[in-house]
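Text of the file structure00.txt, holding compact mmCIF, C-alpha atoms:
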```txt
# COMPACT_ATOMS: atom_id res chain seq x y z
CA MET A 1 -13.13 22.94 -8.84
CA SER A 2 -10.12 21.32 -10.40
CA ASP A 3 -10.21 18.66 -13.07
CA VAL A 4 -8.25 16.22 -10.94
CA GLY A 5 -10.46 13.27 -10.03
CA VAL A 6 -9.33 11.03 -7.21
CA THR A 7 -10.83 7.96 -5.59
CA VAL A 8 -11.13 8.24 -1.82
CA LYS A 9 -11.34 4.98 0.11
CA PHE A 10 -12.41 4.41 3.69
CA PHE A 11 -11.43 1.29 5.59
CA ALA A 12 -12.80 -0.68 8.51
CA SER A 13 -14.43 1.53 11.19
CA LEU A 14 -14.09 4.60 8.97
CA ARG A 15 -16.06 2.93 6.19
CA GLU A 16 -18.87 2.33 8.65
CA VAL A 17 -18.71 5.88 9.97
CA VAL A 18 -18.69 7.46 6.51
CA GLY A 19 -21.27 4.98 5.25
CA VAL A 20 -19.64 4.19 1.89
CA PRO A 21 -16.43 2.32 1.00
CA GLU A 22 -15.29 4.96 -1.46
CA MET A 23 -16.20 8.17 -3.23
CA GLN A 24 -14.95 10.18 -6.19
CA ILE A 25 -13.74 13.68 -5.40
CA SER A 26 -12.12 16.45 -7.43
CA ALA A 27 -9.11 17.83 -5.57
CA SER A 28 -5.61 18.79 -6.62
CA SER A 29 -4.00 18.37 -3.19
CA LEU A 30 -4.61 16.45 0.02
CA CYS A 31 -5.39 19.72 1.75
CA GLN A 32 -8.01 20.55 -0.86
CA LEU A 33 -9.44 17.06 -0.58
CA LYS A 34 -9.88 17.44 3.18
CA THR A 35 -11.51 20.84 2.68
CA HIS A 36 -13.88 19.23 0.22
CA LEU A 37 -14.75 16.45 2.66
CA LYS A 38 -15.50 19.07 5.32
CA THR A 39 -18.23 20.50 3.13
CA GLN A 40 -19.72 17.08 2.47
CA LEU A 41 -19.62 15.17 5.73
CA PRO A 42 -21.26 15.88 9.10
CA ALA A 43 -19.05 17.03 11.99
CA PRO A 44 -19.12 13.75 13.99
CA VAL A 45 -17.95 11.85 10.89
CA LEU A 46 -15.20 14.38 10.24
CA SER A 47 -13.89 14.22 13.77
CA GLU A 48 -13.32 10.48 13.34
CA LEU A 49 -11.99 10.77 9.80
CA LEU A 50 -9.50 13.51 10.62
CA ALA A 51 -8.48 12.14 14.03
CA PRO A 52 -4.74 12.21 14.78
CA ASN A 53 -4.44 8.43 14.72
CA VAL A 54 -5.95 8.10 11.24
CA ARG A 55 -3.30 7.74 8.57
CA VAL A 56 -3.65 8.75 4.96
CA ALA A 57 -2.19 6.80 2.05
CA VAL A 58 -1.88 8.06 -1.49
CA ASN A 59 -1.51 5.28 -4.02
CA GLN A 60 -0.89 2.95 -1.07
CA ALA A 61 2.03 4.91 0.38
CA LEU A 62 1.58 6.66 3.74
CA ILE A 63 1.67 10.43 3.38
CA GLU A 64 2.15 13.07 6.08
CA ASP A 65 2.30 16.12 3.86
CA ASP A 66 -1.06 17.80 3.30
CA ASP A 67 0.37 19.89 0.48
CA LEU A 68 0.97 16.78 -1.60
CA VAL A 69 -0.19 17.39 -5.14
CA LEU A 70 -2.69 14.84 -6.42
CA ALA A 71 -2.84 13.58 -9.97
CA ASP A 72 -5.88 12.47 -11.91
CA GLY A 73 -6.73 8.90 -10.99
CA ASP A 74 -4.87 8.89 -7.68
CA GLU A 75 -6.19 6.72 -4.87
CA VAL A 76 -6.40 8.30 -1.43
CA ALA A 77 -7.16 6.04 1.53
CA PHE A 78 -8.12 6.86 5.10
CA LEU A 79 -6.78 4.16 7.40
CA PRO A 80 -7.75 3.71 11.04
CA PRO A 81 -5.02 2.28 13.31
CA VAL A 82 -4.22 -1.23 12.08
CA THR A 83 -4.86 -4.12 14.42
CA GLY A 84 -2.41 -6.48 12.80
CA GLY A 85 -2.54 -10.11 11.84
CA MET B 1 -5.45 3.79 -11.55
CA THR B 2 -6.61 0.75 -9.68
CA ALA B 3 -5.04 -0.97 -6.72
CA GLN B 4 -3.66 -4.35 -7.58
CA ALA B 5 -3.76 -7.19 -5.10
CA ASP B 6 -0.37 -8.43 -6.29
CA SER B 7 2.53 -6.97 -4.29
CA GLY B 8 5.02 -8.67 -6.59
CA ASP B 9 6.18 -10.82 -3.70
CA SER B 10 4.99 -14.39 -4.17
CA ARG B 11 6.00 -15.22 -0.60
CA VAL B 12 3.04 -13.28 0.74
CA VAL B 13 -0.44 -14.65 0.16
CA ILE B 14 -3.68 -13.15 1.38
CA GLN B 15 -6.68 -15.42 0.96
CA THR B 16 -10.09 -16.21 2.39
CA ALA B 17 -9.59 -19.96 2.12
CA ASP B 18 -7.99 -22.11 4.78
CA PHE B 19 -4.39 -23.25 4.23
CA SER B 20 -2.21 -26.29 4.75
CA GLN B 21 0.86 -25.79 6.91
CA ASP B 22 2.27 -29.05 5.59
CA ALA B 23 1.90 -28.03 1.94
CA VAL B 24 4.00 -24.91 2.56
CA TYR B 25 6.54 -26.83 4.60
CA GLN B 26 6.92 -29.59 2.01
CA ALA B 27 7.24 -27.03 -0.82
CA MET B 28 10.05 -25.31 1.09
CA ARG B 29 11.87 -28.60 1.67
CA LYS B 30 11.58 -29.50 -1.98
CA LYS B 31 12.81 -26.09 -3.12
CA LEU B 32 15.74 -25.81 -0.71
CA GLY B 33 17.02 -29.37 -0.70
CA ALA B 34 19.90 -30.15 1.63
CA ALA B 35 20.92 -26.51 2.20
CA VAL B 36 18.22 -26.11 4.82
CA GLY B 37 18.87 -27.27 8.36
CA ALA B 38 15.84 -25.79 10.11
CA VAL B 39 12.28 -24.87 9.22
CA VAL B 40 10.11 -23.07 11.77
CA THR B 41 6.41 -22.81 11.05
CA PHE B 42 3.96 -20.90 13.20
CA VAL B 43 0.18 -21.02 12.87
CA GLY B 44 -2.07 -18.50 14.58
CA LEU B 45 -5.61 -19.60 15.41
CA VAL B 46 -8.77 -17.79 16.40
CA ARG B 47 -9.00 -18.04 20.19
CA GLU B 48 -12.37 -18.74 21.75
CA ARG B 49 -11.89 -15.99 24.30
CA ASN B 50 -10.76 -12.45 23.53
CA ALA B 51 -8.36 -10.18 25.43
CA GLN B 52 -11.03 -8.36 27.45
CA ALA B 53 -10.38 -8.05 31.17
CA GLY B 54 -10.87 -11.10 33.33
CA SER B 55 -11.21 -14.37 31.49
CA GLY B 56 -12.28 -12.59 28.27
CA GLU B 57 -15.50 -12.64 26.31
CA VAL B 58 -16.63 -15.58 24.23
CA VAL B 59 -15.75 -14.92 20.61
CA ASP B 60 -18.38 -15.80 18.04
CA THR B 61 -16.61 -14.58 14.90
CA LEU B 62 -13.51 -12.64 13.91
CA THR B 63 -13.52 -10.78 10.60
CA LEU B 64 -10.30 -9.51 9.07
CA GLU B 65 -10.27 -6.74 6.52
CA HIS B 66 -7.28 -5.69 4.42
CA TYR B 67 -6.23 -3.18 1.79
CA PRO B 68 -5.33 -5.26 -1.27
CA GLY B 69 -1.85 -4.36 -2.42
CA MET B 70 -0.87 -2.26 0.57
CA THR B 71 -1.33 -5.16 2.98
CA GLU B 72 0.85 -7.50 0.92
CA ALA B 73 3.51 -4.78 0.64
CA SER B 74 3.45 -4.20 4.41
CA ILE B 75 4.12 -7.91 5.01
CA ALA B 76 6.79 -8.09 2.30
CA ARG B 77 8.65 -5.28 4.11
CA ILE B 78 8.60 -7.30 7.34
CA LEU B 79 10.06 -10.32 5.52
CA GLU B 80 12.78 -8.12 4.00
CA GLN B 81 13.69 -6.82 7.46
CA ALA B 82 13.94 -10.38 8.77
CA GLU B 83 16.14 -11.37 5.83
CA ALA B 84 18.41 -8.40 6.46
CA ARG B 85 18.87 -9.50 10.06
CA TRP B 86 19.17 -13.29 9.86
CA PRO B 87 20.50 -15.70 7.22
CA VAL B 88 17.06 -16.73 6.00
CA LEU B 89 16.94 -19.17 3.09
CA ASP B 90 13.21 -18.83 2.45
CA CYS B 91 10.16 -17.43 4.15
CA HIS B 92 6.42 -17.38 3.55
CA VAL B 93 3.36 -15.79 5.06
CA ILE B 94 -0.20 -16.86 4.36
CA HIS B 95 -2.79 -14.63 5.97
CA ARG B 96 -6.51 -15.18 5.82
CA VAL B 97 -9.11 -12.43 5.58
CA GLY B 98 -12.87 -12.59 5.89
CA THR B 99 -14.90 -14.10 8.69
CA MET B 100 -13.51 -16.87 10.86
CA ARG B 101 -14.68 -18.72 13.92
CA PRO B 102 -12.77 -19.92 16.99
CA ALA B 103 -10.25 -22.72 16.33
CA GLU B 104 -9.86 -21.73 12.68
CA GLN B 105 -6.43 -20.93 11.29
CA ILE B 106 -5.69 -17.24 10.60
CA VAL B 107 -2.02 -16.95 9.77
CA LEU B 108 0.96 -19.05 8.80
CA VAL B 109 4.58 -17.93 9.10
CA ALA B 110 7.24 -20.29 7.74
CA VAL B 111 10.96 -19.56 7.85
CA ALA B 112 13.81 -21.76 6.64
CA SER B 113 17.44 -21.32 7.53
CA ALA B 114 20.62 -23.36 7.78
CA HIS B 115 20.40 -23.32 11.56
CA ARG B 116 17.59 -23.30 14.08
CA ASP B 117 18.53 -20.13 15.98
CA ALA B 118 18.02 -17.93 12.92
CA ALA B 119 14.82 -19.76 11.92
CA PHE B 120 13.28 -19.42 15.39
CA ALA B 121 14.26 -15.77 15.77
CA ALA B 122 13.18 -14.70 12.29
CA ALA B 123 9.82 -16.45 12.60
CA GLU B 124 9.15 -14.75 15.93
CA PHE B 125 10.26 -11.38 14.54
CA VAL B 126 7.94 -11.73 11.54
CA MET B 127 5.00 -12.71 13.72
CA ASP B 128 5.62 -9.87 16.20
CA TYR B 129 5.66 -7.30 13.41
CA LEU B 130 2.63 -8.86 11.72
CA LYS B 131 0.73 -7.94 14.88
CA THR B 132 1.76 -4.29 14.73
CA ASP B 133 2.71 -3.29 11.19
CA ALA B 134 0.67 -5.45 8.83
CA VAL B 135 -2.29 -3.59 7.34
CA PHE B 136 -5.27 -5.49 8.75
CA TRP B 137 -8.30 -4.49 10.73
CA LYS B 138 -10.18 -6.91 12.95
CA ARG B 139 -13.85 -6.88 13.75
CA GLU B 140 -14.96 -9.16 16.49
CA VAL B 141 -18.36 -10.43 17.51
CA ALA B 142 -18.05 -11.39 21.18
CA ASP B 143 -20.71 -11.94 23.82
CA GLY B 144 -23.24 -11.08 21.13
CA SER B 145 -21.98 -7.62 20.22
CA ALA B 146 -19.74 -6.47 17.36
CA HIS B 147 -16.80 -4.10 17.69
CA TRP B 148 -13.58 -3.17 15.93
CA VAL B 149 -10.58 -4.50 17.79
CA GLU B 150 -8.13 -1.82 18.97
CA SER B 151 -4.39 -2.19 18.70
CA THR B 152 -2.69 -3.06 21.96
CA ASP B 153 0.33 -1.49 23.64
CA GLN B 154 1.37 -5.00 24.56
CA ASP B 155 1.85 -5.95 20.91
CA ARG B 156 3.69 -2.70 20.20
CA GLN B 157 6.02 -3.19 23.17
CA ARG B 158 6.74 -6.74 22.12
CA ALA B 159 7.70 -5.64 18.62
CA ASP B 160 9.75 -2.76 20.02
CA THR B 161 11.96 -5.15 21.98
CA TRP B 162 13.48 -6.23 18.65
CA GLN B 163 14.97 -2.76 18.35
CA GLN B 164 16.98 -3.44 21.52
CA LYS B 165 18.14 -6.95 20.74
```

Conversion result in structure tokens:
Amino acid sequence: MSDVGVTVKFFASLREVVGVPEMQISASSLCQLKTHLKTQLPAPVLSELLAPNVRVAVNQALIEDDDLVLADGDEVAFLPPVTGG
Amino acid sequence: MTAQADSGDSRVVIQTADFSQDAVYQAMRKKLGAAVGAVVTFVGLVRERNAQAGSGEVVDTLTLEHYPGMTEASIARILEQAEARWPVLDCHVIHRVGTMRPAEQIVLVAVASAHRDAAFAAAEFVMDYLKTDAVFWKREVADGSAHWVESTDQDRQRADTWQQK
């Protein structure tokens, strides 16, 4: 395990699916974070969380690159498709 | 680090409380003086029937969720795009979150310009992109059952038409 602690947030339907609004995870990249989630969450939850239409934001900016390096204290958010105002 | 609810753009307000269209309008008039020739304000309300097939289901409540900080920034970007496209003198968005019932106000868009064509167009542009790009999620209780509202192709297509204009 790395020493990089990040806050992972789940919004809207994903919060309900995961069952908590956020969790603390140690991971030094997005890829590592997803691997970590795979060991923690049941398959049906993962299939929703890692669905193609779910976007990931790091420190509130949308990120496509799974290799992105995370820093201690970063905030990673899983966002279901927005339904607008 | 913690997410801050302040996007740094005072023209975007997210709140649970209701709002006064007239207060925003009068504040814009006072600020802009005689430079302004047109103010368009739009208010979106909770409809009593949803978009389900047929005549729709009866909506009991609509709950909006947002991501403090990111939501404000997503709306600020829409305002910046409108300003880049039309000669906008001032613009404001107030968006409510939390649980609302039919006939309640959800969103206010107010745009001021020297002339009405720019004010009308910019207000419509902002509202169209609020429907597709603003970071909100809607949960609806209709006909007694709760569900998350899905984004519609109709809204996306409407926003996309601005790329062709």

Practice problem: Between B:Arg77, B:His115, B:His66, B:Arg158, single out the one closest to chain A, counting only C-alpha atoms. | Solution: B:His66

Practice problem: Enter the distance from atom CA of Val18 of chain A to atom CA of Asn50 of chain B, in Å, rounded to one decimal. | Solution: 27.4 Å

Practice problem: Skip segment 56-63 of chain A itself and residues of its chain fewer than 2 positions away, then list as a PyMOL selection string all residues within 9 Å of it, counting only C-alpha atoms. | Solution: (chain A and resi 30+54+65-66+68+70+74-80) or (chain B and resi 1-3+67+69-70)

Practice problem: Find the spatial neighbours of Gly5 of chain A, counting all atoms listed in the file, within a cut-off of 9 Å - ignore same-chain residues fewer than 4 positions away - and output them as an MDAnalysis selection string. | Solution: chainID A and resid 24:28 70:74

Quiz prompt | Pick from A:Val69, A:Val45, A:Leu37, A:Ala51 nearest to Arg15 of chain A, counting only C-alpha atoms | solution =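 Ranked by minimum distance to Arg15 of chain A, first place goes to A:Val45.
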
Quiz item: Hey, what's within 10 Å of Ser13 of chain A if we count only C-alpha atoms and toss same-chain stuff fewer than 4 positions away? As a list in words, please?
Solution: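 Near neighbours after the sequence-gap exclusion: Val17, Val18, Gly19, Glu48, Leu49, Leu79, Pro80 and Pro81 of chain A; Trp137, Lys138, Arg139, His147, Trp148 and Val149 of chain B.
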
Could you give me, as CSV, a per-residue list for chain B showing, wherever an atom lies at most 6 Å from an atom of chain A, the closest pair of atoms and their distance in Å to one decimal, using all atoms listed in the file and sorting by chain then residue number from low to high?
```
residue,atom,partner,partner_atom,distance
B:Met1,CA,A:Gly73,CA,5.3
B:Met70,CA,A:Gln60,CA,5.5
B:Leu130,CA,A:Gly85,CA,5.3
B:Lys131,CA,A:Gly84,CA,4.0
B:Thr132,CA,A:Gly84,CA,5.1
B:Ala134,CA,A:Gly84,CA,5.1
B:Val135,CA,A:Val82,CA,5.6
B:Phe136,CA,A:Gly84,CA,5.1
B:Trp137,CA,A:Thr83,CA,5.1
B:Ser151,CA,A:Thr83,CA,4.7
```

Quiz item: Which residue, B:Ala53, B:Val39, B:Leu32, B:Val46, has the smallest gap to Phe120 of chain B when you use all atoms listed in the file?
Solution: B:Val39

Quiz item: So which residues touch Leu108 of chain B within 8 Å, counting all atoms listed in the file, skipping near sequence neighbours fewer than 4 positions away, as a PyMOL selection string?
Solution: chain B and resi 21+41-44+92-95

Quiz item: Quick one: of B:Met100, B:Ala76, B:Val40, B:Ala35, who's nearest to Ala112 of chain B, counting only C-alpha atoms?
Solution: B:Val40

Quiz item: For the atom pair atom CA of Leu62 of chain B and atom CA of Ser74 of chain B, what is the interatomic distance in Å to one decimal place?
Solution: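 A separation of 21.2 Å between them.
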
Practice problem: Counting all atoms listed in the file, figure out which residue out of B:Ala114, B:Ala146, B:Ala159, B:Val126 gets nearest to Ala34 of chain B. | Solution: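 Closest candidate: B:Ala114.
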
Practice problem: Kindly give the distance, in Å, that separates atom CA of Val13 of chain B and atom CA of Arg156 of chain B, rounded to a single decimal. | Solution: 23.7 Å

Quiz item: Pick the closest to Asp67 of chain A from A:Pro52, A:Leu46, A:Lys34, A:Leu41: which is it, counting only C-alpha atoms?
Solution: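 Of all the options, A:Lys34 lies closest to Asp67 of chain A.
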
Quiz item: Ile14 of chain B: which residues within 8 Å, counting only C-alpha atoms, same-chain residues fewer than 2 positions away excluded, as a list in words?
Solution: Val12, Thr16, Glu72, Ile94, His95, Arg96 and Val97 of chain B

Let me have the centre and edge lengths in Å, one decimal, of the box along x, y and z around every listed atom of segment 59-64 of chain A with 6 Å of margin on each side, as AutoDock Vina command-line options.
```
--center_x 0.3 --center_y 8.0 --center_z 1.0 --size_x 15.7 --size_y 22.1 --size_z 22.1
```

Please write a file for segment 58-84 of chain A, taken from the block I just shared, that holds N, CA and C atoms and is laid out as a compact mmCIF listing (two decimals), in the first residue's frame.
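Final output, saved to result-v1.txt:
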```txt
# COMPACT_ATOMS: atom_id res chain seq x y z
N VAL A 58 -11.05 14.36 -10.64
CA VAL A 58 -10.03 14.47 -9.60
C VAL A 58 -9.90 15.94 -9.25
N ASN A 59 -10.10 16.23 -7.99
CA ASN A 59 -10.12 17.63 -7.53
C ASN A 59 -11.04 18.48 -8.41
N GLN A 60 -12.20 17.90 -8.74
CA GLN A 60 -13.29 18.55 -9.45
C GLN A 60 -13.03 18.79 -10.93
N ALA A 61 -11.97 18.22 -11.47
CA ALA A 61 -11.74 18.31 -12.92
C ALA A 61 -11.91 16.91 -13.51
N LEU A 62 -12.65 16.82 -14.64
CA LEU A 62 -12.89 15.52 -15.25
C LEU A 62 -11.59 14.95 -15.79
N ILE A 63 -11.38 13.68 -15.54
CA ILE A 63 -10.12 13.01 -15.91
C ILE A 63 -10.43 11.76 -16.72
N GLU A 64 -9.73 11.58 -17.83
CA GLU A 64 -9.90 10.38 -18.65
C GLU A 64 -8.76 9.39 -18.41
N ASP A 65 -7.64 9.91 -17.97
CA ASP A 65 -6.41 9.12 -17.93
C ASP A 65 -6.28 8.34 -16.62
N ASP A 66 -6.36 7.01 -16.74
CA ASP A 66 -6.29 6.16 -15.56
C ASP A 66 -4.90 6.16 -14.90
N ASP A 67 -3.90 6.57 -15.66
CA ASP A 67 -2.54 6.57 -15.13
C ASP A 67 -2.26 7.81 -14.28
N LEU A 68 -3.25 8.70 -14.22
CA LEU A 68 -3.04 9.94 -13.46
C LEU A 68 -2.52 9.65 -12.05
N VAL A 69 -1.46 10.34 -11.70
CA VAL A 69 -0.86 10.16 -10.38
C VAL A 69 -1.65 10.97 -9.36
N LEU A 70 -1.97 10.33 -8.25
CA LEU A 70 -2.74 11.00 -7.20
C LEU A 70 -1.80 11.49 -6.10
N ALA A 71 -2.17 12.61 -5.52
CA ALA A 71 -1.38 13.16 -4.42
C ALA A 71 -2.17 13.02 -3.12
N ASP A 72 -1.45 13.03 -2.03
CA ASP A 72 -2.10 12.91 -0.72
C ASP A 72 -3.14 14.01 -0.56
N GLY A 73 -4.35 13.63 -0.16
CA GLY A 73 -5.40 14.62 0.04
C GLY A 73 -6.26 14.89 -1.18
N ASP A 74 -5.94 14.26 -2.30
CA ASP A 74 -6.75 14.47 -3.50
C ASP A 74 -8.18 13.97 -3.28
N GLU A 75 -9.09 14.56 -4.05
CA GLU A 75 -10.50 14.17 -3.98
C GLU A 75 -10.90 13.57 -5.32
N VAL A 76 -11.30 12.32 -5.29
CA VAL A 76 -11.71 11.62 -6.51
C VAL A 76 -13.23 11.41 -6.43
N ALA A 77 -13.93 11.78 -7.49
CA ALA A 77 -15.39 11.66 -7.47
C ALA A 77 -15.89 10.83 -8.63
N PHE A 78 -16.82 9.95 -8.35
CA PHE A 78 -17.49 9.16 -9.38
C PHE A 78 -18.84 9.80 -9.66
N LEU A 79 -19.03 10.22 -10.92
CA LEU A 79 -20.20 11.01 -11.28
C LEU A 79 -21.06 10.27 -12.31
N PRO A 80 -22.29 9.93 -11.94
CA PRO A 80 -23.20 9.38 -12.95
C PRO A 80 -23.55 10.48 -13.96
N PRO A 81 -24.13 10.12 -15.11
CA PRO A 81 -24.49 11.15 -16.09
C PRO A 81 -25.34 12.25 -15.43
N VAL A 82 -24.98 13.49 -15.69
CA VAL A 82 -25.72 14.59 -15.05
C VAL A 82 -27.07 14.74 -15.73
N THR A 83 -28.05 15.20 -14.96
CA THR A 83 -29.38 15.40 -15.54
C THR A 83 -29.75 16.86 -15.58
N GLY A 84 -28.77 17.73 -15.36
CA GLY A 84 -28.94 19.14 -15.65
C GLY A 84 -29.85 19.88 -14.71
```
